[in-house]
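Structure file final00.csv (CSV, C-alpha atoms and all ligand atoms) is printed below.
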```
chain,number,residue,atom,x,y,z
A,15,MET,CA,40.5,0.8,12.2
A,16,LYS,CA,40.0,1.4,8.5
A,17,ILE,CA,36.8,0.9,6.5
A,18,GLY,CA,37.0,-0.8,3.1
A,19,LYS,CA,36.4,0.8,-0.2
A,20,TYR,CA,32.8,0.1,-0.7
A,21,SER,CA,30.3,0.0,2.2
A,22,LEU,CA,26.6,-0.1,2.7
A,23,GLY,CA,24.8,1.3,5.7
A,24,MET,CA,21.8,-0.7,6.6
A,25,GLY,CA,19.1,0.4,9.0
A,26,ASP,CA,16.8,-2.1,10.6
A,27,ARG,CA,14.2,-0.4,12.8
A,28,PHE,CA,12.8,-3.5,14.4
A,29,GLY,CA,16.0,-5.5,14.5
A,30,HIS,CA,14.7,-8.6,12.7
A,31,GLN,CA,16.4,-8.4,9.3
A,32,GLY,CA,20.1,-8.5,10.0
A,33,GLU,CA,20.6,-11.9,8.4
A,34,ALA,CA,18.5,-11.0,5.3
A,35,GLN,CA,20.5,-7.8,4.9
A,36,LEU,CA,23.8,-9.6,5.3
A,37,ARG,CA,22.7,-12.2,2.7
A,38,SER,CA,22.6,-9.4,0.1
A,39,ILE,CA,26.2,-8.4,1.0
A,40,VAL,CA,27.3,-12.1,0.7
A,41,ARG,CA,25.6,-12.3,-2.7
A,42,ALA,CA,27.5,-9.2,-3.9
A,43,ALA,CA,30.8,-10.8,-2.8
A,44,THR,CA,29.9,-14.0,-4.7
A,45,GLY,CA,29.4,-11.7,-7.7
A,46,GLY,CA,32.9,-10.3,-7.2
A,47,VAL,CA,32.3,-7.1,-5.2
A,48,GLU,CA,33.3,-6.9,-1.5
A,49,ILE,CA,31.1,-4.5,0.3
A,50,VAL,CA,31.5,-3.8,4.0
A,51,PRO,CA,28.2,-4.0,5.9
A,52,VAL,CA,27.5,-1.3,8.4
A,53,TRP,CA,24.4,-1.4,10.6
A,54,ASN,CA,23.3,2.1,11.4
A,55,LYS,CA,20.7,3.5,13.7
A,56,SER,CA,20.2,7.0,14.9
A,57,ASN,CA,19.1,8.2,18.3
A,58,ARG,CA,15.8,9.3,16.9
A,59,GLU,CA,15.0,5.8,15.5
A,60,HIS,CA,16.1,4.2,18.8
A,61,SER,CA,13.7,6.5,20.7
A,62,TYR,CA,10.7,5.7,18.5
A,63,ILE,CA,11.2,2.0,18.6
A,64,HIS,CA,12.4,2.0,22.3
A,65,SER,CA,15.5,0.1,21.3
A,66,LYS,CA,19.1,0.6,22.5
A,67,PRO,CA,22.4,0.8,20.7
A,68,GLU,CA,23.3,-2.5,22.3
A,69,ASP,CA,20.4,-4.1,20.4
A,70,THR,CA,22.0,-3.1,17.1
A,71,ARG,CA,25.3,-4.7,18.2
A,72,ILE,CA,23.6,-7.9,19.3
A,73,GLU,CA,21.7,-8.1,16.0
A,74,ALA,CA,24.8,-7.4,13.9
A,75,ASP,CA,26.9,-10.0,15.8
A,76,ALA,CA,24.2,-12.6,15.5
A,77,ALA,CA,23.8,-12.1,11.7
A,78,VAL,CA,27.5,-12.3,11.2
A,79,LYS,CA,27.7,-15.5,13.3
A,80,ALA,CA,24.7,-17.1,11.6
A,81,LEU,CA,26.1,-16.6,8.1
A,82,SER,CA,29.7,-17.3,9.2
A,83,PHE,CA,30.7,-14.0,7.7
A,84,THR,CA,34.4,-13.5,8.2
A,85,ARG,CA,35.1,-10.0,6.8
A,86,ASP,CA,34.8,-6.6,8.6
A,87,TYR,CA,31.5,-5.2,9.7
A,88,PHE,CA,30.5,-2.1,11.7
A,89,VAL,CA,27.8,-0.7,14.0
A,90,ASP,CA,27.2,3.0,13.2
A,91,ALA,CA,26.1,5.5,15.9
A,92,ASP,CA,24.2,7.5,13.3
A,93,HIS,CA,23.8,11.2,13.6
A,94,ILE,CA,25.1,11.6,17.1
A,95,ASN,CA,26.2,14.7,19.0
A,96,LEU,CA,27.7,15.5,22.3
A,97,SER,CA,24.3,15.2,24.1
A,98,ASN,CA,23.7,11.6,23.1
A,99,VAL,CA,27.0,10.0,22.1
A,100,GLN,CA,27.6,8.5,25.5
A,101,GLY,CA,24.9,5.8,25.1
A,102,PHE,CA,26.6,4.6,21.9
A,103,ILE,CA,30.2,4.3,23.1
A,104,ALA,CA,30.2,0.7,24.0
A,105,ALA,CA,28.1,-0.8,21.2
A,106,SER,CA,29.4,1.2,18.2
A,107,ASP,CA,32.6,1.2,16.2
A,108,PHE,CA,31.5,3.7,13.6
A,109,PHE,CA,30.4,7.2,14.6
A,110,THR,CA,28.6,9.7,12.5
A,111,LEU,CA,29.3,13.1,14.0
A,112,ASP,CA,26.4,15.3,13.1
A,113,VAL,CA,27.3,19.0,13.2
A,114,ALA,CA,24.5,20.3,11.0
A,115,SER,CA,22.8,22.2,13.8
A,116,LYS,CA,26.0,24.2,14.4
A,117,ILE,CA,26.5,25.3,10.8
A,118,GLY,CA,26.1,29.0,10.7
A,119,THR,CA,27.1,29.5,14.3
A,120,PRO,CA,29.9,32.0,14.0
A,121,SER,CA,33.3,31.5,15.7
A,122,ASP,CA,34.9,34.3,17.6
A,123,ASP,CA,37.0,36.8,15.5
A,124,GLU,CA,40.3,35.4,16.8
A,125,ARG,CA,39.7,31.9,15.7
A,126,THR,CA,38.2,33.0,12.4
A,127,SER,CA,41.2,35.1,11.5
A,128,ALA,CA,43.6,32.4,12.7
A,129,PHE,CA,42.0,29.9,10.3
A,130,ILE,CA,41.9,32.3,7.5
A,131,SER,CA,45.6,33.1,7.9
A,132,THR,CA,46.4,29.4,7.3
A,133,CYS,CA,44.6,29.5,3.9
A,134,THR,CA,46.8,32.0,2.0
A,135,ASN,CA,48.0,29.2,-0.3
A,136,TYR,CA,44.5,28.6,-1.5
A,137,SER,CA,43.2,32.1,-1.8
A,138,GLY,CA,42.9,33.9,-5.2
A,139,ILE,CA,42.7,31.3,-7.9
A,140,LEU,CA,42.3,27.7,-6.5
A,141,THR,CA,42.9,24.9,-9.0
A,142,ILE,CA,41.8,21.4,-8.1
A,143,PRO,CA,43.5,18.8,-10.2
A,144,GLY,CA,40.9,17.2,-12.5
A,145,ILE,CA,38.4,20.1,-12.3
A,146,GLU,CA,38.7,22.2,-15.5
A,147,HIS,CA,37.4,25.5,-14.2
A,148,PRO,CA,39.5,27.1,-11.4
A,149,PHE,CA,37.7,28.4,-8.4
A,150,GLU,CA,37.9,32.0,-7.3
A,151,VAL,CA,38.5,32.2,-3.6
A,152,SER,CA,38.1,35.9,-2.6
A,153,ASP,CA,38.9,37.1,0.9
A,154,GLN,CA,35.2,37.6,1.3
A,155,LEU,CA,34.3,34.1,0.3
A,156,LEU,CA,36.9,32.7,2.7
A,157,ASN,CA,35.5,34.8,5.4
A,158,THR,CA,32.0,33.6,4.7
A,159,ILE,CA,33.0,29.9,4.6
A,160,THR,CA,34.9,30.2,7.8
A,161,ARG,CA,32.1,32.0,9.7
A,162,LYS,CA,29.7,29.4,8.5
A,163,PHE,CA,31.6,26.2,9.2
A,164,LEU,CA,34.5,26.7,11.6
A,165,ALA,CA,32.4,26.4,14.8
A,166,ALA,CA,30.5,23.3,13.5
A,167,ILE,CA,33.8,21.5,12.7
A,168,ALA,CA,35.2,22.5,16.2
A,169,GLU,CA,32.1,20.8,17.6
A,170,ALA,CA,32.9,17.7,15.5
A,171,GLY,CA,36.4,17.9,17.1
A,172,LYS,CA,34.9,17.9,20.6
A,173,ILE,CA,32.7,14.9,19.8
A,174,TYR,CA,35.6,13.0,18.2
A,175,ASN,CA,37.9,13.6,21.2
A,176,PHE,CA,35.1,12.5,23.6
A,177,ILE,CA,34.8,9.2,21.7
A,178,LYS,CA,38.6,8.8,21.4
A,179,GLU,CA,39.2,9.2,25.1
A,180,GLN,CA,36.8,6.4,25.9
A,181,LYS,CA,37.5,4.0,23.0
A,182,GLY,CA,41.0,4.7,21.8
A,183,ALA,CA,41.7,6.3,18.4
A,184,GLU,CA,42.3,2.9,16.7
A,185,ASN,CA,39.1,1.4,17.6
A,186,PHE,CA,36.5,3.2,15.5
A,187,VAL,CA,35.7,4.8,12.2
A,188,THR,CA,34.7,8.4,12.0
A,189,GLU,CA,32.2,10.0,9.7
A,190,VAL,CA,31.3,13.7,9.6
A,191,SER,CA,27.8,14.5,8.4
A,192,MET,CA,26.3,17.8,7.3
A,193,ASP,CA,23.4,16.5,5.2
A,194,GLU,CA,20.5,17.5,7.3
A,195,VAL,CA,20.6,21.2,6.3
A,196,GLU,CA,18.7,23.2,3.7
A,197,SER,CA,21.4,24.3,1.3
A,198,PRO,CA,24.0,22.0,-0.3
A,199,GLN,CA,27.7,22.6,0.3
A,200,THR,CA,29.6,23.7,-2.7
A,201,PRO,CA,32.9,21.9,-3.7
A,202,VAL,CA,34.9,24.9,-2.5
A,203,GLU,CA,33.1,24.8,0.9
A,204,MET,CA,33.9,21.1,1.0
A,205,PHE,CA,37.6,21.8,0.4
A,206,PHE,CA,37.8,24.2,3.3
A,207,ILE,CA,35.6,22.1,5.6
A,208,LEU,CA,38.1,19.2,5.0
A,209,LYS,CA,40.9,21.6,6.0
A,210,MET,CA,39.1,22.4,9.2
A,211,ILE,CA,38.6,18.7,9.9
A,212,ALA,CA,42.3,18.0,9.4
A,213,GLU,CA,43.2,20.9,11.8
A,214,GLN,CA,40.9,19.4,14.4
A,215,GLY,CA,42.8,16.2,14.1
A,216,ILE,CA,39.8,14.2,13.1
A,217,PRO,CA,40.8,11.1,11.0
A,218,VAL,CA,37.6,11.3,9.0
A,219,GLN,CA,37.0,8.3,6.7
A,220,THR,CA,33.6,9.2,5.3
A,221,ILE,CA,32.0,12.6,4.8
A,222,ALA,CA,28.3,13.2,4.2
A,223,PRO,CA,27.6,16.5,2.5
A,224,LYS,CA,24.2,17.7,1.5
A,225,PHE,CA,24.0,17.2,-2.2
A,226,THR,CA,21.9,19.2,-4.6
A,227,GLY,CA,18.4,18.0,-5.3
A,228,ARG,CA,15.9,16.2,-3.0
A,229,PHE,CA,16.7,13.0,-1.2
A,230,ASN,CA,13.3,12.0,-0.1
A,231,LYS,CA,12.9,9.0,2.1
A,232,GLY,CA,12.5,5.7,0.3
A,233,VAL,CA,11.9,7.1,-3.2
A,234,ASP,CA,13.9,8.1,-6.2
A,235,TYR,CA,16.1,11.2,-6.4
A,236,VAL,CA,14.2,14.4,-7.4
A,237,GLY,CA,16.4,17.0,-9.1
A,238,ASP,CA,18.7,17.9,-11.9
A,239,VAL,CA,20.7,14.7,-12.5
A,240,ALA,CA,23.3,16.5,-14.7
A,241,GLN,CA,23.9,19.0,-12.0
A,242,PHE,CA,24.2,16.3,-9.3
A,243,SER,CA,26.6,14.5,-11.6
A,244,ARG,CA,28.9,17.5,-11.9
A,245,GLU,CA,28.7,18.2,-8.2
A,246,PHE,CA,29.4,14.6,-7.2
A,247,GLU,CA,32.4,14.4,-9.5
A,248,GLU,CA,33.8,17.7,-8.2
A,249,ASP,CA,33.3,16.5,-4.6
A,250,VAL,CA,35.3,13.3,-5.4
A,251,LEU,CA,38.1,15.3,-6.9
A,252,VAL,CA,38.1,17.8,-4.0
A,253,ILE,CA,38.4,14.9,-1.5
A,254,ASP,CA,41.3,13.4,-3.5
A,255,TYR,CA,43.2,16.7,-3.5
A,256,ALA,CA,42.3,17.5,0.2
A,257,VAL,CA,43.6,14.1,1.3
A,258,LYS,CA,47.0,14.9,-0.2
A,259,GLU,CA,47.1,18.6,0.9
A,260,PHE,CA,45.9,18.1,4.4
A,261,GLY,CA,47.1,14.6,5.3
A,262,LEU,CA,43.7,13.1,5.8
A,263,PRO,CA,43.2,9.3,5.7
A,264,ASP,CA,43.7,8.0,2.1
A,265,ASN,CA,40.5,6.0,2.2
A,266,LEU,CA,38.4,9.1,2.8
A,267,LYS,CA,35.2,8.8,0.7
A,268,LEU,CA,31.8,10.3,0.2
A,269,SER,CA,28.8,9.0,2.2
A,270,VAL,CA,25.4,9.4,0.6
A,271,HIS,CA,22.7,9.7,3.2
A,272,SER,CA,19.0,8.9,2.5
A,273,GLY,CA,20.8,6.8,-0.1
A,274,SER,CA,18.2,4.1,-0.6
A,275,ASP,CA,16.1,4.0,-3.7
A,276,LYS,CA,17.9,6.8,-5.5
A,277,PHE,CA,17.9,4.7,-8.7
A,278,SER,CA,18.2,7.5,-11.2
A,279,ILE,CA,21.6,8.7,-9.8
A,280,TYR,CA,23.1,5.2,-9.0
A,281,PRO,CA,24.5,4.9,-12.5
A,282,VAL,CA,26.0,8.4,-12.2
A,283,MET,CA,27.7,7.5,-8.9
A,284,ALA,CA,28.8,4.1,-10.2
A,285,ARG,CA,30.4,5.7,-13.3
A,286,ILE,CA,32.3,8.4,-11.3
A,287,ILE,CA,33.7,6.2,-8.6
A,288,LYS,CA,34.8,3.8,-11.2
A,289,LYS,CA,36.4,6.5,-13.3
A,290,TYR,CA,38.5,7.7,-10.4
A,291,ASP,CA,38.8,4.3,-8.6
A,292,LYS,CA,37.3,5.7,-5.4
A,293,GLY,CA,35.2,4.2,-2.7
A,294,ILE,CA,31.7,5.1,-1.5
A,295,HIS,CA,29.5,4.6,1.5
A,296,VAL,CA,25.7,4.5,0.9
A,297,LYS,CA,23.4,4.8,3.9
A,298,THR,CA,20.0,3.2,3.7
A,299,ALA,CA,17.5,2.6,6.5
A,300,GLY,CA,13.8,2.8,6.0
A,301,THR,CA,13.8,0.8,2.8
A,302,THR,CA,14.2,-2.3,4.9
A,303,TRP,CA,11.2,-1.4,7.0
A,304,LEU,CA,9.1,-0.9,3.8
A,305,GLU,CA,10.1,-4.4,2.7
A,306,GLU,CA,8.8,-5.7,6.0
A,307,VAL,CA,5.4,-4.2,5.2
A,308,ILE,CA,5.5,-5.6,1.7
A,309,GLY,CA,6.4,-9.1,3.0
A,310,LEU,CA,3.5,-8.9,5.5
A,311,SER,CA,1.1,-7.8,2.8
A,312,LEU,CA,2.1,-10.7,0.7
A,313,ALA,CA,1.6,-13.1,3.6
A,314,GLY,CA,-2.1,-12.2,3.5
A,315,GLY,CA,-4.6,-12.8,6.3
A,316,GLU,CA,-4.0,-11.0,9.5
A,317,ALA,CA,-0.6,-9.9,8.2
A,318,LEU,CA,-2.2,-8.1,5.3
A,319,GLU,CA,-4.7,-6.6,7.7
A,320,LEU,CA,-2.0,-5.2,9.8
A,321,ALA,CA,-0.2,-3.7,6.7
A,322,LYS,CA,-3.5,-2.1,5.8
A,323,HIS,CA,-4.0,-0.9,9.4
A,324,ILE,CA,-0.5,0.8,9.3
A,325,TYR,CA,-1.5,2.7,6.1
A,326,LYS,CA,-4.9,3.7,7.3
A,327,SER,CA,-3.6,4.9,10.7
A,328,ALA,CA,-0.8,6.8,9.0
A,329,LEU,CA,-3.4,8.5,6.7
A,330,GLU,CA,-5.3,9.7,9.8
A,331,ARG,CA,-2.2,10.7,11.7
A,332,GLN,CA,-0.3,12.3,8.8
A,333,GLU,CA,0.5,15.6,10.4
A,334,GLU,CA,2.0,14.1,13.5
A,335,LEU,CA,4.0,11.4,11.6
A,336,CYS,CA,5.3,13.7,8.8
A,337,ALA,CA,6.3,16.6,11.0
A,338,PRO,CA,9.8,15.2,11.9
A,339,TYR,CA,10.4,14.3,8.3
A,340,ALA,CA,9.0,17.5,6.7
A,341,ASP,CA,12.3,18.3,4.8
A,342,VAL,CA,12.7,14.8,3.4
A,343,ILE,CA,9.3,13.7,2.1
A,344,ASP,CA,7.0,15.1,-0.6
A,345,ILE,CA,3.5,13.6,-0.4
A,346,ARG,CA,0.9,14.6,-2.9
A,347,GLN,CA,-2.4,14.4,-1.0
A,348,ASN,CA,-4.6,13.9,-4.0
A,349,GLU,CA,-2.6,10.8,-5.0
A,350,LEU,CA,-3.1,8.9,-1.7
A,351,PRO,CA,-5.6,6.1,-1.9
A,352,SER,CA,-8.5,6.4,0.6
A,353,ALA,CA,-8.9,3.9,3.4
A,354,ALA,CA,-12.0,2.5,1.8
A,355,GLU,CA,-10.1,1.9,-1.4
A,356,VAL,CA,-7.2,0.1,0.3
A,357,ASP,CA,-9.7,-2.1,2.2
A,358,GLN,CA,-10.6,-3.6,-1.1
A,359,TRP,CA,-7.1,-4.5,-2.0
A,360,GLY,CA,-5.6,-8.0,-2.1
A,361,SER,CA,-1.9,-8.9,-1.3
A,362,ASP,CA,-0.5,-8.2,-4.8
A,363,LYS,CA,-2.2,-4.8,-5.2
A,364,PHE,CA,-0.9,-3.7,-1.8
A,365,ALA,CA,2.6,-5.0,-2.4
A,366,ASN,CA,2.8,-3.6,-6.0
A,367,THR,CA,1.6,-0.2,-4.8
A,368,LEU,CA,4.3,-0.1,-2.1
A,369,ARG,CA,7.3,-1.8,-3.8
A,370,HIS,CA,9.7,0.5,-5.6
A,371,ILE,CA,9.6,-0.7,-9.2
A,372,PRO,CA,9.9,2.5,-11.4
A,373,GLY,CA,7.3,2.4,-14.1
A,374,HIS,CA,5.2,-0.4,-12.5
A,375,PRO,CA,1.5,0.7,-13.1
A,376,ASP,CA,0.6,0.2,-9.5
A,377,TYR,CA,3.7,1.8,-7.8
A,378,ASN,CA,2.7,4.9,-5.9
A,379,PRO,CA,5.6,6.9,-4.3
A,380,ASN,CA,3.1,9.0,-2.2
A,381,PHE,CA,1.7,5.8,-0.6
A,382,ARG,CA,5.3,4.6,-0.1
A,383,GLN,CA,6.5,7.8,1.6
A,384,LEU,CA,3.5,7.8,4.0
A,385,ILE,CA,4.2,4.3,5.1
A,386,HIS,CA,7.9,5.1,5.4
A,387,VAL,CA,7.1,7.6,8.2
A,388,GLY,CA,4.5,5.3,9.7
A,389,TYR,CA,6.9,2.9,11.5
A,390,LYS,CA,5.8,4.5,14.8
A,391,ILE,CA,2.4,2.8,14.3
A,392,ALA,CA,4.1,-0.6,13.9
A,393,ALA,CA,6.1,0.2,17.0
A,394,GLU,CA,2.8,0.9,18.9
A,395,SER,CA,1.5,-2.5,17.7
A,396,GLY,CA,4.3,-4.0,19.7
A,397,THR,CA,4.4,-7.8,19.7
A,398,LEU,CA,1.5,-8.0,17.2
A,399,TYR,CA,3.9,-6.5,14.6
A,400,THR,CA,7.1,-8.3,15.6
A,401,GLY,CA,5.2,-11.6,16.1
A,402,LEU,CA,4.0,-11.5,12.5
A,403,LEU,CA,7.5,-10.6,11.4
A,404,GLU,CA,8.7,-13.8,13.1
A,405,LYS,CA,5.8,-15.9,11.8
A,406,HIS,CA,6.5,-14.8,8.2
A,407,HIS,CA,10.3,-14.6,8.7
A,408,ASP,CA,11.3,-16.3,5.4
A,409,LEU,CA,8.9,-14.4,3.2
A,410,VAL,CA,9.8,-11.0,4.8
A,411,GLY,CA,13.5,-11.8,4.7
A,412,SER,CA,13.4,-12.7,1.0
A,413,CYS,CA,11.8,-9.3,0.3
A,414,VAL,CA,14.5,-7.5,2.3
A,415,GLU,CA,17.3,-9.4,0.6
A,416,GLU,CA,15.9,-8.9,-2.9
A,417,ASN,CA,15.4,-5.2,-2.4
A,418,LEU,CA,19.0,-4.6,-1.2
A,419,PHE,CA,20.6,-6.9,-3.7
A,420,ASP,CA,18.5,-6.6,-6.9
A,421,ARG,CA,17.4,-3.0,-6.7
A,422,HIS,CA,20.3,-1.4,-4.8
A,423,LEU,CA,23.6,-3.3,-4.9
A,424,LYS,CA,23.2,-4.4,-8.5
A,425,ARG,CA,22.7,-0.9,-9.7
A,426,LEU,CA,25.3,0.7,-7.5
A,427,PHE,CA,28.1,-1.7,-8.2
A,428,ASN,CA,27.3,-3.0,-11.7
A,429,LEU,CA,26.7,-6.5,-10.4
B,1,ZN,ZN,21.8,11.5,7.4
```

Please, can you express the file's structure as structure tokens?
Amino acid sequence: MKIGKYSLGMGDRFGHQGEAQLRSIVRAATGGVEIVPVWNKSNREHSYIHSKPEDTRIEADAAVKALSFTRDYFVDADHINLSNVQGFIAASDFFTLDVASKIGTPSDDERTSAFISTCTNYSGILTIPGIEHPFEVSDQLLNTITRKFLAAIAEAGKIYNFIKEQKGAENFVTEVSMDEVESPQTPVEMFFILKMIAEQGIPVQTIAPKFTGRFNKGVDYVGDVAQFSREFEEDVLVIDYAVKEFGLPDNLKLSVHSGSDKFSIYPVMARIIKKYDKGIHVKTAGTTWLEEVIGLSLAGGEALELAKHIYKSALERQEELCAPYADVIDIRQNELPSAAEVDQWGSDKFANTLRHIPGHPDYNPNFRQLIHVGYKIAAESGTLYTGLLEKHHDLVGSCVEENLFDRHLKRLFNL
């Protein structure tokens, strides 16, 4: 099972927007770019919403059927590990093996030296075709990289084999993710990580490194765009070389996690993948939930009241809601509107404050990030929330579709 060149990961916390999301993919195809839809949901999201992996499968199948979509689509067990993969086996055909927590766990000396002994061809001066400056791979560097990553990739091998035994190797796509860590992996680290992945026999098709800069949830990239550009281009070239050197799948591509709303680096990514004729996977999730809140605010009446309630509760419960996302949000307290202020707002003011239109005078990324982590409040509202989603299905759906197509796919794929 091979995933196509361009793919978009779409998360849908409450499971109501599958069709609207798929419409954005269909519009891209009409515009000449085929993008593979992948519905992703992590164990954490399932546990907050009290949903099951089967629900994501049912939603994806239903959306595909409703739109008579005939191309490939996938259901991604996002950020799974050995402790929770079992629950995803039946419903998923894309598995994101998350080994971030094992990075830095040293392997025993025997395994470490066995791996290092297979790297003699690449030690000293390492030249990657396309990258002008050669890399210096000292024994010490090789030793450090091996100690940092070998055990994590061995763990990925265990998870992969567990899935393979139950599903059969041909029946799923494998991603390896290392994005939820503090420090970015360098291109040299990426090269040796891919060697380790090949030696574990993992037919990896997408790899999610941690990139330089901040990928905060639902808002634009924060960091040095020029440095990101260099690193991204080197990663693309390292992958290309590693595929040939280590016999990895020839469609192996980068996966960009927390990839929604990173508008300032989309042109960079678009330029580089076009330059080398490479594919890409971009994972989005919470941006769809934010569009639900925008749609409800535009609907007015009780729906606007619920949108306000979500913000005001989130404001009160900030500490609790932000804790699990501490590394991926940056909220400036003094720029958050007060509850009393928001109470005075009409539909347009609320929607314009939340909607991600860079440069719009009302847009407030602090407000947006706080609501991003507030989906637990909507989950607690139960059928009040989902009932309003259903009542305003068309309006909310048009927000979801517009966001993915106009703000994301158009920028990412030059549509
Ligand atoms: Zn991720």

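Considering all atoms listed in the file, the residues that reside within 9 Å of ligand ZN 1 (chain B) can be listed as Ser56, Asp92, His93, Thr110, Asp112, Ser191, Met192, Asp193, Glu194, Ala222, Lys224, Val270, His271, Ser272, Gly273 and Lys297 of chain A.
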
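The coordinates place CA of Leu423 in chain A at 11.1 Å from CA of Val40 in chain A.
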
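All protein and nucleic acid residues in the vicinity of (39.1, 33.9, 3.2), that is within 9 Å when counting all atoms listed in the file, are Ser127, Phe129, Ile130, Ser131, Cys133, Thr134, Tyr136, Ser137, Val151, Ser152, Asp153, Gln154, Leu155, Leu156, Asn157, Thr158, Ile159 and Thr160 of chain A.
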
Thr226 in chain A surroundings by only C-alpha atoms, 9 Å radius, close-in-sequence under 4 positions cut, as a PyMOL selection string
chain A and resi 197-199+237-238+241-242+245

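Proximity ranking of A:Ser21, A:Asn54, A:Ser121, A:Thr126 relative to Arg71 in chain A places A:Asn54 first, based on all atoms listed in the file.
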
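Of note, CA of Trp53 in chain A and CA of Ile324 in chain A are spaced 25.0 Å apart.
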
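The environment of Gly171 in chain A within 12 Å, counting only C-alpha atoms and disregarding residues fewer than 5 places along the same chain, consists of Asn95, Leu96, Leu111, Asp112, Val113, Leu164, Ala165, Ala166, Phe176, Ile177, Lys178, Thr188, Glu189, Val190, Met210, Ile211, Ala212, Glu213, Gln214, Gly215, Ile216, Pro217 and Val218 of chain A.
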
I'd like the contact shell of Ile253 in chain A - 9 Å cut-off, only C-alpha atoms, skipping same-chain residues fewer than 3 positions apart - returned as number ranges by chain.
A: 204-205, 208, 248-250, 256-258, 266-268

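Of the listed residues A:Tyr377, A:Tyr280, A:Phe260, A:Tyr255, the one whose atoms come nearest to Pro143 in chain A is A:Tyr255, with distances taken using all atoms listed in the file.
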
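CA of Leu81 in chain A sits 14.2 Å away from CA of Ala42 in chain A.
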
Could you name the residues that touch Cys413 in chain A at 8 Å or less, counting only C-alpha atoms, but leaving out those on the same chain fewer than 2 positions away, as a list in words?
Glu305, Glu306, Ile308, Gly309, Leu409, Val410, Gly411, Glu415, Glu416 and Asn417 of chain A

Name all residues at most 7 Å from Gly293 in chain A (count all atoms listed in the file; drop same-chain ones fewer than 3 positions away) and give them as a VMD selection string.
chain A and resid 19 to 20 267 287

Counting all atoms listed in the file, the option among A:Asn265, A:Phe83, A:Trp359, A:Gly23 closest to Ala43 in chain A
A:Phe83

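Checking A:Phe246, A:Phe186, A:Phe229, A:Phe277 one by one against Ile371 in chain A, counting all atoms listed in the file, you find the shortest gap at A:Phe277.
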
Counting all atoms listed in the file, I want the residues whose atoms come within 9 Å of (-0.3, 9.2, 3.8) in the file frame, returned as a list in words.
Tyr325, Lys326, Ser327, Ala328, Leu329, Glu330, Arg331, Gln332, Cys336, Ile345, Arg346, Gln347, Leu350, Pro351, Asn380, Phe381, Arg382, Gln383, Leu384, Ile385, Val387 and Gly388 of chain A

Put range 177-206 of chain A into a file with C-alpha atoms, as a PDB file, in the first residue's frame.
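Output (selection.pdb):
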```
ATOM      1  CA  ILE A 177       1.111  -4.015  13.319  1.00  0.00           C
ATOM      2  CA  LYS A 178       2.532  -6.094  10.481  1.00  0.00           C
ATOM      3  CA  GLU A 179       1.765  -9.363  12.236  1.00  0.00           C
ATOM      4  CA  GLN A 180      -1.879  -8.404  12.587  1.00  0.00           C
ATOM      5  CA  LYS A 181      -2.576  -6.525   9.363  1.00  0.00           C
ATOM      6  CA  GLY A 182      -0.033  -7.864   6.873  1.00  0.00           C
ATOM      7  CA  ALA A 183       2.784  -5.707   5.512  1.00  0.00           C
ATOM      8  CA  GLU A 184       0.915  -4.681   2.358  1.00  0.00           C
ATOM      9  CA  ASN A 185      -2.105  -3.302   4.108  1.00  0.00           C
ATOM     10  CA  PHE A 186      -0.916  -0.106   5.738  1.00  0.00           C
ATOM     11  CA  VAL A 187       1.291   2.957   5.387  1.00  0.00           C
ATOM     12  CA  THR A 188       3.961   3.659   7.998  1.00  0.00           C
ATOM     13  CA  GLU A 189       5.082   7.031   9.312  1.00  0.00           C
ATOM     14  CA  VAL A 190       7.785   7.545  11.928  1.00  0.00           C
ATOM     15  CA  SER A 191       7.392  10.698  14.030  1.00  0.00           C
ATOM     16  CA  MET A 192       9.914  12.447  16.226  1.00  0.00           C
ATOM     17  CA  ASP A 193       8.350  15.894  16.279  1.00  0.00           C
ATOM     18  CA  GLU A 194       7.224  16.050  19.876  1.00  0.00           C
ATOM     19  CA  VAL A 195      10.668  16.741  21.316  1.00  0.00           C
ATOM     20  CA  GLU A 196      12.528  19.866  22.329  1.00  0.00           C
ATOM     21  CA  SER A 197      15.442  20.037  19.923  1.00  0.00           C
ATOM     22  CA  PRO A 198      15.185  19.715  16.132  1.00  0.00           C
ATOM     23  CA  GLN A 199      17.001  16.857  14.411  1.00  0.00           C
ATOM     24  CA  THR A 200      19.823  17.966  12.138  1.00  0.00           C
ATOM     25  CA  PRO A 201      20.053  16.711   8.526  1.00  0.00           C
ATOM     26  CA  VAL A 202      23.000  14.467   9.532  1.00  0.00           C
ATOM     27  CA  GLU A 203      20.951  12.979  12.353  1.00  0.00           C
ATOM     28  CA  MET A 204      18.109  12.439   9.888  1.00  0.00           C
ATOM     29  CA  PHE A 205      20.487  10.559   7.568  1.00  0.00           C
ATOM     30  CA  PHE A 206      21.551   8.083  10.232  1.00  0.00           C
TER      31      PHE A 206
END
```
